[in-house]
Amino acid sequence: MKKTVRFFTAFMAVILLLGSVSASACTGVYVGKEASDQGTIIIARSEDQAWGDVNKRYMVQERVENVPNRYIEDKETGFRLPLPATTYKYTYTPDYTQGGGMYPAMCSNEYGVNVSATVSTSPCEKLETADPFVEAGIAEATMATGIGAVSKSAREAVEVLINYIDTYGASQGNTVMMSDQNEAWIVEIYSGHHYCAMRMPDDMVAVFGNHNMIGLVDPKATPEDGYFYSDGLFGLLDSTGLAVKEGELYHLAKSVDENARQPYNNMRNWAGMRLLAPSQAGEYNGDAFYPLFYKPDQAVSVLTVMDIFRNRLEGTPLDVTLAGQEGNRVIGTQKSSQIHILQSFPDWPASCSSITWLCLGNAEHSVFIPSFSGITDTASAYKVDGDTYDETGAFWKCKRICTLAEQDRLVYSQGVRDFWKQQEGLMYQEMLEAAPVMLQQYAAGRQAGEDYVTALGIRMAERTFRYSDNLYRKLTTALIHNTGLGRTPVTFLPDVPLRQIAESKGYTVTWNAADGSTTITKGAASYTITPEEYTCKVAGGEDIELTHYAYVNDGVTYIPMDFADTL
């Protein structure tokens with residue numbers, strides 16, 4: 001991730017403590033199409049910051065036809081990346097405009113190209129001395145949209161990026177992932193002018209932190225073999241004495257980083273393997289050189305990828321809740337500003353071939369909201385700008401819940417996680433049901449398809465933010481209630497939307513305008529819930545006492561989650 005100039009000095013001490021690790025850092029995830037339960041390619045990344053209040057937005061940049069003399073600017077270095085007269089439509093997640101640059105994080109364009117940029121890396125001192133970074137070169141601030149705006153395939157996206165490096169130089173070490181409907185690539189930028197790009201295997205997965213991971217490569221490999229190399233890369237490794245070889249093959253990760261691995265990163269590599277391939281992970285070994293790619297023990301769902309970004313080494317000797325383990329670098333860090341999962345479907349129309357699952361804030365206590373890549377607009381809450389808390393903004397709506405839940409995980413965390421886990425499952429099912437409708441609409445014409453997916457995306461986001469507002473109200477009330485108690489604090493229990501949950505479980509829902517009650521019926525079972533009452537009336541049976549009374553907020557009737565779970 002980025003290192004913003006105005007904060008750089010303040011965080012130098014942290015950087016020194018972490019050795020070669022930046023104060024800001026990210027985690028990348030890849031799932032090949034043969035390793036995915038839906039036959040989809042998944043690239044994903046958490047955008048982790050050095051501080052918690054970096055407001056991220058979610059926007060659509062429309063296609064631009066024949067408008068010359070445009071550029072994307074990196075405000076931190078002054079670098080301007082020129083754009084051609086025509087650029088493609090894409091979605092992206094920029095920082096607030098007062099920041100150090102766009103920092104778009106991801107890009108999903110109208111040709112089905114997805115870009116996730118970047119996971120920061122640092123080469124060894126000897127390599128950086130031999131080929132220094134270029135201060136005003138291509139960097140994370142401009143990279144994702146600078147690639148996605150002009151690429152029609154993942155391979156073309158790779159060629160665009162390495163052309164930028166060849167032309168302007170790179171100002172940072174970075175790892176970038178690109179995908180389309182057929183394949184995915186990873187690009188590791190090692191120094192000012194050197195890199196390796198590799199086509200990622202279809203039947204494998206990867207979870208990686210902030211260090212270079214590409215292992216043994218053949219210097220004679222070509223793009224047709226799935227590799228691009230910078231000119232002179234292997235000669236430079238040889239001349240500096242950095243080359244680590246096995247026969248004629250170069251181990252790039254061991255060559256470009258003399259320190260090989262640090263716990264800050266290695267723990268995340270192992271944590272990902274433990275989640276996706278526990279049969280291969282074993283116990284954590286700080287001396288191990290965990291591989292970039294491996295086959296998962298079972299097909300991987302996008303829901304599993306969401307949980308990877310929540311992992312805090314629970315259930316292991318490295319669990320950060322254990323004494324002496326508090327400083328371990330986890331994937332599910334509190335300082336994420338956004339996490340994106342870009343899921344490509346091979347048989348959908350290219351202009352709407354992906355689903356973006358976007359989580360604002362940190363994944364542990366926030367939610368992944370989906371949208372099809374064909375959207376032409378996003379919910380208004382996604383567009384709220386500024387660097388100060390604004391209750392109307394999507395980032396702030398999500399991040400404030402994270403902040404409260406993390407005040408005491410034993411009391412508040414599980415209830416929040418349960419609420420969002422339920423919502424993600426329901427939205428996942430909703431997207432499965434929406435996909436054939438989307439295909440029908442696109443068969444009628446691209447405009448019809450775009451209208452459908454745009455309306456759906458906005459509706460799902462607005463509904464989720466409405467639920468988020470209520471969750472925040474209840475969570476705040478719980479914290480206030482527990483403040484100053486001279487006894488064990490009350491564990492937070494969320495309330496859930498009655499109609500949504502009941503209908504998802506096959507109930508027919510009927511609202512009575514006379515008294516505001518709601519009756520849900522399935523077969524012989526019938527329950528009536530009335531706002532402001534603690535009692536649920538059961539047709540033909542004993543009434544049920546609720547742990548909290550039902551109530552209406554913003555037109556939605558809410559009931560306690562523990563009761564909803566019994567339906």
# chains A, B, ... in the order shown; residues from 1 in each chain; ligands from 1
$ residues_around --residues "Tyr467 (chain A)" --least-positions-apart "5" --cutoff "9 Å" --atoms "only C-alpha atoms" --output "JSON, numbers by chain"
{"A": [462, 472, 496, 497, 556]}
$ residues_around --residues "Leu233 (chain A)" --least-positions-apart "6" --cutoff "9 Å" --atoms "only C-alpha atoms" --output "list of chain:residue names"
A:His193, A:His194, A:Tyr195, A:Cys196
$ write_last_selection --atoms "all heavy atoms" --output "PDB file, in the first residue's frame"
ATOM      1  N   HIS A 193      13.361  -0.660 -12.715  1.00  0.00           N
ATOM      2  CA  HIS A 193      13.113  -1.062 -14.097  1.00  0.00           C
ATOM      3  C   HIS A 193      13.015  -2.579 -14.280  1.00  0.00           C
ATOM      4  O   HIS A 193      13.025  -3.051 -15.427  1.00  0.00           O
ATOM      5  CB  HIS A 193      14.228  -0.519 -15.000  1.00  0.00           C
ATOM      6  CG  HIS A 193      14.389   0.966 -14.913  1.00  0.00           C
ATOM      7  ND1 HIS A 193      15.186   1.576 -13.964  1.00  0.00           N
ATOM      8  CD2 HIS A 193      13.819   1.970 -15.636  1.00  0.00           C
ATOM      9  CE1 HIS A 193      15.126   2.900 -14.112  1.00  0.00           C
ATOM     10  NE2 HIS A 193      14.310   3.166 -15.115  1.00  0.00           N
ATOM     11  N   HIS A 194      12.917  -3.326 -13.211  1.00  0.00           N
ATOM     12  CA  HIS A 194      12.932  -4.783 -13.338  1.00  0.00           C
ATOM     13  C   HIS A 194      11.685  -5.422 -12.728  1.00  0.00           C
ATOM     14  O   HIS A 194      11.178  -4.979 -11.689  1.00  0.00           O
ATOM     15  CB  HIS A 194      14.202  -5.360 -12.722  1.00  0.00           C
ATOM     16  CG  HIS A 194      15.406  -5.076 -13.554  1.00  0.00           C
ATOM     17  ND1 HIS A 194      15.616  -5.667 -14.788  1.00  0.00           N
ATOM     18  CD2 HIS A 194      16.454  -4.241 -13.359  1.00  0.00           C
ATOM     19  CE1 HIS A 194      16.740  -5.210 -15.308  1.00  0.00           C
ATOM     20  NE2 HIS A 194      17.273  -4.338 -14.464  1.00  0.00           N
ATOM     21  N   TYR A 195      11.248  -6.501 -13.379  1.00  0.00           N
ATOM     22  CA  TYR A 195       9.979  -7.136 -13.035  1.00  0.00           C
ATOM     23  C   TYR A 195       9.930  -8.546 -13.607  1.00  0.00           C
ATOM     24  O   TYR A 195      10.730  -8.920 -14.476  1.00  0.00           O
ATOM     25  CB  TYR A 195       8.806  -6.329 -13.594  1.00  0.00           C
ATOM     26  CG  TYR A 195       8.951  -6.038 -15.082  1.00  0.00           C
ATOM     27  CD1 TYR A 195       8.640  -6.994 -16.050  1.00  0.00           C
ATOM     28  CD2 TYR A 195       9.441  -4.807 -15.519  1.00  0.00           C
ATOM     29  CE1 TYR A 195       8.811  -6.742 -17.399  1.00  0.00           C
ATOM     30  CE2 TYR A 195       9.610  -4.538 -16.877  1.00  0.00           C
ATOM     31  CZ  TYR A 195       9.292  -5.507 -17.806  1.00  0.00           C
ATOM     32  OH  TYR A 195       9.469  -5.260 -19.148  1.00  0.00           O
ATOM     33  N   CYS A 196       8.959  -9.315 -13.123  1.00  0.00           N
ATOM     34  CA  CYS A 196       8.595 -10.595 -13.726  1.00  0.00           C
ATOM     35  C   CYS A 196       7.087 -10.693 -13.727  1.00  0.00           C
ATOM     36  O   CYS A 196       6.434 -10.386 -12.717  1.00  0.00           O
ATOM     37  CB  CYS A 196       9.190 -11.763 -12.945  1.00  0.00           C
ATOM     38  SG  CYS A 196       8.599 -13.399 -13.488  1.00  0.00           S
TER      39      CYS A 196
END
$ select_by_dssp --residues "region 129-209 of chain A" --states "helix (DSSP H, G or I)" --output "list in words"
Thr129, Ala130, Glu140, Ala141, Thr142, Met143, Ala144, Thr145, Gly146, Ile147, Gly148, Ala154, Arg155, Glu156, Ala157, Val158, Glu159, Val160, Leu161, Ile162, Asn163, Tyr164, Ile165, Asp166, Thr167 and Tyr168 of chain A
$ write_last_selection --atoms "C-alpha atoms" --output "PDB file, in the first residue's frame"
ATOM      1  CA  THR A 129      21.151   0.303  -5.133  1.00  0.00           C
ATOM      2  CA  ALA A 130      21.865  -1.351  -8.474  1.00  0.00           C
ATOM      3  CA  GLU A 140       0.019   2.487  -6.890  1.00  0.00           C
ATOM      4  CA  ALA A 141      -1.607   5.940  -6.978  1.00  0.00           C
ATOM      5  CA  THR A 142      -2.205   5.665 -10.723  1.00  0.00           C
ATOM      6  CA  MET A 143      -1.733   2.016 -11.574  1.00  0.00           C
ATOM      7  CA  ALA A 144      -5.068   0.147 -11.507  1.00  0.00           C
ATOM      8  CA  THR A 145      -7.087   2.560 -13.632  1.00  0.00           C
ATOM      9  CA  GLY A 146      -4.075   3.402 -15.779  1.00  0.00           C
ATOM     10  CA  ILE A 147      -4.078  -0.263 -16.798  1.00  0.00           C
ATOM     11  CA  GLY A 148      -7.809  -0.985 -16.864  1.00  0.00           C
ATOM     12  CA  ALA A 154      -5.460  -9.752 -18.956  1.00  0.00           C
ATOM     13  CA  ARG A 155      -2.396 -10.366 -21.109  1.00  0.00           C
ATOM     14  CA  GLU A 156      -2.735  -6.943 -22.694  1.00  0.00           C
ATOM     15  CA  ALA A 157      -3.034  -5.501 -19.171  1.00  0.00           C
ATOM     16  CA  VAL A 158       0.314  -7.102 -18.334  1.00  0.00           C
ATOM     17  CA  GLU A 159       1.892  -5.650 -21.445  1.00  0.00           C
ATOM     18  CA  VAL A 160       0.487  -2.209 -20.635  1.00  0.00           C
ATOM     19  CA  LEU A 161       1.960  -2.289 -17.130  1.00  0.00           C
ATOM     20  CA  ILE A 162       5.401  -3.470 -18.128  1.00  0.00           C
ATOM     21  CA  ASN A 163       5.453  -0.876 -20.908  1.00  0.00           C
ATOM     22  CA  TYR A 164       4.781   1.775 -18.270  1.00  0.00           C
ATOM     23  CA  ILE A 165       7.716   0.472 -16.232  1.00  0.00           C
ATOM     24  CA  ASP A 166       9.980   0.327 -19.289  1.00  0.00           C
ATOM     25  CA  THR A 167       8.973   3.873 -20.265  1.00  0.00           C
ATOM     26  CA  TYR A 168       8.701   5.727 -16.954  1.00  0.00           C
TER      27      TYR A 168
END
$ residues_around --residues "Val305 (chain A)" --least-positions-apart "4" --cutoff "10 Å" --atoms "only C-alpha atoms" --output "NGL selection string"
:A and (29-31 or 42-44 or 207 or 272 or 275-276 or 300-301 or 309-310 or 341)
$ residues_around --residues "Ala478 (chain A)" --least-positions-apart "5" --cutoff "10 Å" --atoms "only C-alpha atoms" --output "VMD selection string"
chain A and resid 404 411 to 412 472 to 473 483 489 to 494
$ atom_distance --atom1 "CA of Pro223 (chain A)" --atom2 "CA of Ile186 (chain A)"
12.8 Å
$ atom_distance --atom1 "CA of Asp180 (chain A)" --atom2 "CA of Gly28 (chain A)"
17.1 Å
$ closest_residue --among "A:Gly39, A:Pro201, A:Gly137, A:Gly327" --to "Ala184 (chain A)" --atoms "only C-alpha atoms"
A:Pro201
$ select_by_dssp --residues "region 294-343 of chain A" --states "strand (DSSP E)" --output "number ranges by chain"
A: 336-343
$ residues_around --residues "Thr91 (chain A)" --least-positions-apart "5" --cutoff "7 Å" --atoms "only C-alpha atoms" --output "PyMOL selection string"
chain A and resi 59-61+107-109
$ residues_around --residues "Lys397 (chain A)" --least-positions-apart "2" --cutoff "10 Å" --atoms "only C-alpha atoms" --output "MDAnalysis selection string"
chainID A and resid 360:361 366 381 389:395 399:402 465:466 468:469 471:472
$ write_last_selection --atoms "C-alpha atoms" --output "tab-separated table (two decimals), in the first residue's frame"
chain	number	residue	atom	x	y	z
A	360	LEU	CA	-15.44	-1.04	3.25
A	361	GLY	CA	-13.54	-0.92	6.50
A	366	SER	CA	-17.95	-5.27	7.96
A	381	ALA	CA	-23.42	6.73	-0.11
A	389	TYR	CA	-16.60	11.29	9.59
A	390	ASP	CA	-19.85	11.72	7.66
A	391	GLU	CA	-22.76	9.49	8.64
A	392	THR	CA	-24.09	9.54	5.06
A	393	GLY	CA	-20.92	7.99	3.62
A	394	ALA	CA	-20.63	4.27	2.95
A	395	PHE	CA	-17.09	4.02	4.31
A	399	LYS	CA	-15.97	1.66	9.63
A	400	ARG	CA	-17.80	3.04	12.66
A	401	ILE	CA	-19.24	-0.42	13.37
A	402	CYS	CA	-15.77	-1.93	13.10
A	465	PHE	CA	-26.58	0.54	4.46
A	466	ARG	CA	-30.07	0.87	5.96
A	468	SER	CA	-25.98	-0.98	8.83
A	469	ASP	CA	-27.47	2.18	10.30
A	471	LEU	CA	-26.88	-2.17	13.58
A	472	TYR	CA	-24.86	0.90	14.55
$ closest_atom_pairs --of "region 317-428 of chain A" --to "region 85-90 of chain A" --cutoff "10 Å" --atoms "only C-alpha atoms" --output "Markdown table"
| residue | atom | partner | partner_atom | distance |
| --- | --- | --- | --- | --- |
| A:Ser351 | CA | A:Lys89 | CA | 9.2 |
| A:Ser373 | CA | A:Tyr90 | CA | 8.0 |
| A:Gly374 | CA | A:Tyr90 | CA | 8.7 |
| A:Ile375 | CA | A:Tyr90 | CA | 9.0 |
| A:Thr376 | CA | A:Lys89 | CA | 8.6 |
$ residues_around --residues "region 529-537 of chain A" --least-positions-apart "5" --cutoff "12 Å" --atoms "only C-alpha atoms" --output "MDAnalysis selection string"
chainID A and resid 498:499 502 509:521 542:553 555:560 563:564 567
$ write_last_selection --atoms "N, CA and C atoms" --output "short mmCIF file (atom, residue, chain, number, x, y, z; two decimals), in the first residue's frame"
data_model
loop_
_atom_site.label_atom_id
_atom_site.label_comp_id
_atom_site.auth_asym_id
_atom_site.auth_seq_id
_atom_site.Cartn_x
_atom_site.Cartn_y
_atom_site.Cartn_z
N LEU A 498 -37.04 -8.65 9.83
CA LEU A 498 -37.99 -9.77 9.87
C LEU A 498 -38.37 -10.26 8.49
N ARG A 499 -38.84 -9.38 7.63
CA ARG A 499 -39.33 -9.81 6.31
C ARG A 499 -38.24 -10.52 5.52
N ALA A 502 -37.43 -13.98 7.10
CA ALA A 502 -38.55 -14.92 6.99
C ALA A 502 -38.72 -15.40 5.55
N VAL A 509 -45.08 -13.67 4.24
CA VAL A 509 -45.09 -12.56 5.19
C VAL A 509 -46.29 -11.66 4.91
N THR A 510 -47.08 -11.41 5.94
CA THR A 510 -48.27 -10.55 5.82
C THR A 510 -48.20 -9.46 6.88
N TRP A 511 -48.37 -8.22 6.44
CA TRP A 511 -48.33 -7.09 7.36
C TRP A 511 -49.74 -6.60 7.63
N ASN A 512 -50.05 -6.34 8.87
CA ASN A 512 -51.37 -5.86 9.28
C ASN A 512 -51.27 -4.36 9.54
N ALA A 513 -51.89 -3.56 8.68
CA ALA A 513 -51.79 -2.10 8.80
C ALA A 513 -52.48 -1.59 10.06
N ALA A 514 -53.45 -2.31 10.57
CA ALA A 514 -54.23 -1.83 11.72
C ALA A 514 -53.36 -1.70 12.97
N ASP A 515 -52.55 -2.68 13.27
CA ASP A 515 -51.73 -2.62 14.47
C ASP A 515 -50.24 -2.72 14.20
N GLY A 516 -49.87 -2.78 12.91
CA GLY A 516 -48.46 -2.83 12.55
C GLY A 516 -47.81 -4.19 12.76
N SER A 517 -48.62 -5.19 13.08
CA SER A 517 -48.06 -6.52 13.31
C SER A 517 -47.72 -7.21 12.00
N THR A 518 -46.85 -8.19 12.10
CA THR A 518 -46.44 -8.99 10.94
C THR A 518 -46.66 -10.46 11.27
N THR A 519 -47.33 -11.17 10.36
CA THR A 519 -47.54 -12.60 10.53
C THR A 519 -46.76 -13.34 9.46
N ILE A 520 -46.00 -14.34 9.89
CA ILE A 520 -45.24 -15.15 8.95
C ILE A 520 -45.77 -16.58 9.03
N THR A 521 -45.96 -17.18 7.85
CA THR A 521 -46.59 -18.49 7.80
C THR A 521 -45.84 -19.40 6.84
N GLU A 542 -47.87 -22.28 22.35
CA GLU A 542 -47.54 -21.33 23.39
C GLU A 542 -46.79 -20.13 22.82
N ASP A 543 -47.10 -18.96 23.38
CA ASP A 543 -46.40 -17.75 22.96
C ASP A 543 -44.91 -17.86 23.29
N ILE A 544 -44.10 -17.12 22.53
CA ILE A 544 -42.64 -17.13 22.72
C ILE A 544 -42.22 -15.77 23.27
N GLU A 545 -41.46 -15.79 24.35
CA GLU A 545 -40.91 -14.55 24.91
C GLU A 545 -39.61 -14.20 24.18
N LEU A 546 -39.55 -13.00 23.63
CA LEU A 546 -38.38 -12.54 22.89
C LEU A 546 -37.36 -11.94 23.85
N THR A 547 -36.08 -12.04 23.50
CA THR A 547 -35.04 -11.44 24.33
C THR A 547 -35.05 -9.92 24.22
N HIS A 548 -35.65 -9.40 23.17
CA HIS A 548 -35.82 -7.96 23.00
C HIS A 548 -37.09 -7.75 22.20
N TYR A 549 -37.80 -6.68 22.48
CA TYR A 549 -39.06 -6.47 21.75
C TYR A 549 -38.80 -6.16 20.27
N ALA A 550 -39.74 -6.54 19.44
CA ALA A 550 -39.69 -6.18 18.03
C ALA A 550 -39.93 -4.68 17.88
N TYR A 551 -39.40 -4.11 16.83
CA TYR A 551 -39.58 -2.66 16.62
C TYR A 551 -39.44 -2.35 15.13
N VAL A 552 -39.87 -1.15 14.76
CA VAL A 552 -39.78 -0.68 13.38
C VAL A 552 -38.80 0.49 13.33
N ASN A 553 -37.87 0.44 12.40
CA ASN A 553 -36.94 1.54 12.17
C ASN A 553 -36.77 1.74 10.67
N GLY A 555 -38.90 2.00 8.39
CA GLY A 555 -39.80 1.17 7.61
C GLY A 555 -39.52 -0.31 7.65
N VAL A 556 -38.56 -0.75 8.46
CA VAL A 556 -38.19 -2.16 8.54
C VAL A 556 -38.50 -2.68 9.95
N THR A 557 -39.18 -3.81 10.04
CA THR A 557 -39.43 -4.45 11.32
C THR A 557 -38.26 -5.36 11.67
N TYR A 558 -37.72 -5.19 12.89
CA TYR A 558 -36.58 -5.96 13.34
C TYR A 558 -36.98 -6.86 14.50
N ILE A 559 -36.36 -8.05 14.52
CA ILE A 559 -36.57 -9.01 15.61
C ILE A 559 -35.21 -9.50 16.09
N PRO A 560 -35.11 -10.00 17.33
CA PRO A 560 -33.83 -10.49 17.82
C PRO A 560 -33.32 -11.65 16.96
N PHE A 563 -34.02 -15.32 18.04
CA PHE A 563 -35.35 -15.84 17.68
C PHE A 563 -35.41 -16.18 16.19
N ALA A 564 -34.86 -15.30 15.36
CA ALA A 564 -34.87 -15.56 13.91
C ALA A 564 -34.17 -16.86 13.57
N LEU A 567 -36.41 -20.01 13.51
CA LEU A 567 -37.50 -20.14 12.54
C LEU A 567 -37.20 -21.25 11.51
#
$ decode --residues "region 281-345 of chain A" --atoms "C-alpha atoms" --output "JSON list (two decimals), in the first residue's frame"
[["chain", "number", "residue", "atom", "x", "y", "z"],
["A", 281, "ALA", "CA", 0.18, -26.34, 5.96],
["A", 282, "GLY", "CA", 1.22, -28.21, 9.09],
["A", 283, "GLU", "CA", 2.25, -26.16, 12.11],
["A", 284, "TYR", "CA", 3.71, -22.72, 11.50],
["A", 285, "ASN", "CA", 7.42, -22.82, 10.77],
["A", 286, "GLY", "CA", 9.17, -19.47, 10.78],
["A", 287, "ASP", "CA", 12.03, -20.90, 8.71],
["A", 288, "ALA", "CA", 9.77, -22.31, 5.99],
["A", 289, "PHE", "CA", 9.65, -20.82, 2.52],
["A", 290, "TYR", "CA", 5.95, -21.21, 1.84],
["A", 291, "PRO", "CA", 5.10, -21.49, -1.86],
["A", 292, "LEU", "CA", 3.13, -18.89, -3.77],
["A", 293, "PHE", "CA", 0.82, -21.42, -5.44],
["A", 294, "TYR", "CA", -0.65, -24.70, -4.18],
["A", 295, "LYS", "CA", -3.73, -26.82, -4.77],
["A", 296, "PRO", "CA", -6.55, -26.34, -2.23],
["A", 297, "ASP", "CA", -7.96, -29.30, -0.33],
["A", 298, "GLN", "CA", -11.39, -28.56, -1.77],
["A", 299, "ALA", "CA", -13.03, -26.18, -4.23],
["A", 300, "VAL", "CA", -12.98, -22.61, -2.94],
["A", 301, "SER", "CA", -16.09, -20.44, -2.66],
["A", 302, "VAL", "CA", -16.10, -16.66, -2.79],
["A", 303, "LEU", "CA", -17.62, -16.86, 0.71],
["A", 304, "THR", "CA", -14.46, -18.63, 1.85],
["A", 305, "VAL", "CA", -12.35, -15.86, 0.35],
["A", 306, "MET", "CA", -14.33, -13.36, 2.44],
["A", 307, "ASP", "CA", -13.46, -15.32, 5.56],
["A", 308, "ILE", "CA", -9.77, -15.37, 4.65],
["A", 309, "PHE", "CA", -9.77, -11.60, 5.01],
["A", 310, "ARG", "CA", -11.26, -11.94, 8.49],
["A", 311, "ASN", "CA", -8.67, -14.39, 9.77],
["A", 312, "ARG", "CA", -6.79, -13.41, 12.92],
["A", 313, "LEU", "CA", -4.97, -16.71, 13.45],
["A", 314, "GLU", "CA", -7.80, -17.98, 15.63],
["A", 315, "GLY", "CA", -7.40, -21.51, 16.93],
["A", 316, "THR", "CA", -3.62, -21.55, 16.47],
["A", 317, "PRO", "CA", -0.70, -20.95, 18.82],
["A", 318, "LEU", "CA", -0.27, -17.61, 17.03],
["A", 319, "ASP", "CA", -3.77, -16.37, 17.94],
["A", 320, "VAL", "CA", -3.41, -12.66, 18.71],
["A", 321, "THR", "CA", -5.70, -12.97, 21.73],
["A", 322, "LEU", "CA", -3.06, -15.12, 23.46],
["A", 323, "ALA", "CA", -0.47, -13.62, 25.76],
["A", 324, "GLY", "CA", 2.72, -12.81, 23.90],
["A", 325, "GLN", "CA", 1.10, -13.08, 20.45],
["A", 326, "GLU", "CA", -0.59, -9.68, 20.35],
["A", 327, "GLY", "CA", 1.85, -8.24, 17.81],
["A", 328, "ASN", "CA", 1.46, -10.93, 15.15],
["A", 329, "ARG", "CA", 0.52, -9.56, 11.72],
["A", 330, "VAL", "CA", -2.87, -11.00, 10.84],
["A", 331, "ILE", "CA", -4.76, -10.91, 7.56],
["A", 332, "GLY", "CA", -7.84, -9.47, 9.27],
["A", 333, "THR", "CA", -6.16, -6.26, 10.40],
["A", 334, "GLN", "CA", -8.09, -3.36, 11.91],
["A", 335, "LYS", "CA", -6.56, -0.87, 9.47],
["A", 336, "SER", "CA", -8.14, -1.98, 6.22],
["A", 337, "SER", "CA", -9.89, 0.75, 4.30],
["A", 338, "GLN", "CA", -11.43, -1.61, 1.75],
["A", 339, "ILE", "CA", -11.23, -5.19, 0.55],
["A", 340, "HIS", "CA", -12.24, -6.14, -2.98],
["A", 341, "ILE", "CA", -12.94, -9.57, -4.44],
["A", 342, "LEU", "CA", -13.13, -9.61, -8.25],
["A", 343, "GLN", "CA", -14.84, -12.75, -9.54],
["A", 344, "SER", "CA", -14.77, -13.44, -13.30],
["A", 345, "PHE", "CA", -17.35, -15.72, -14.96]]
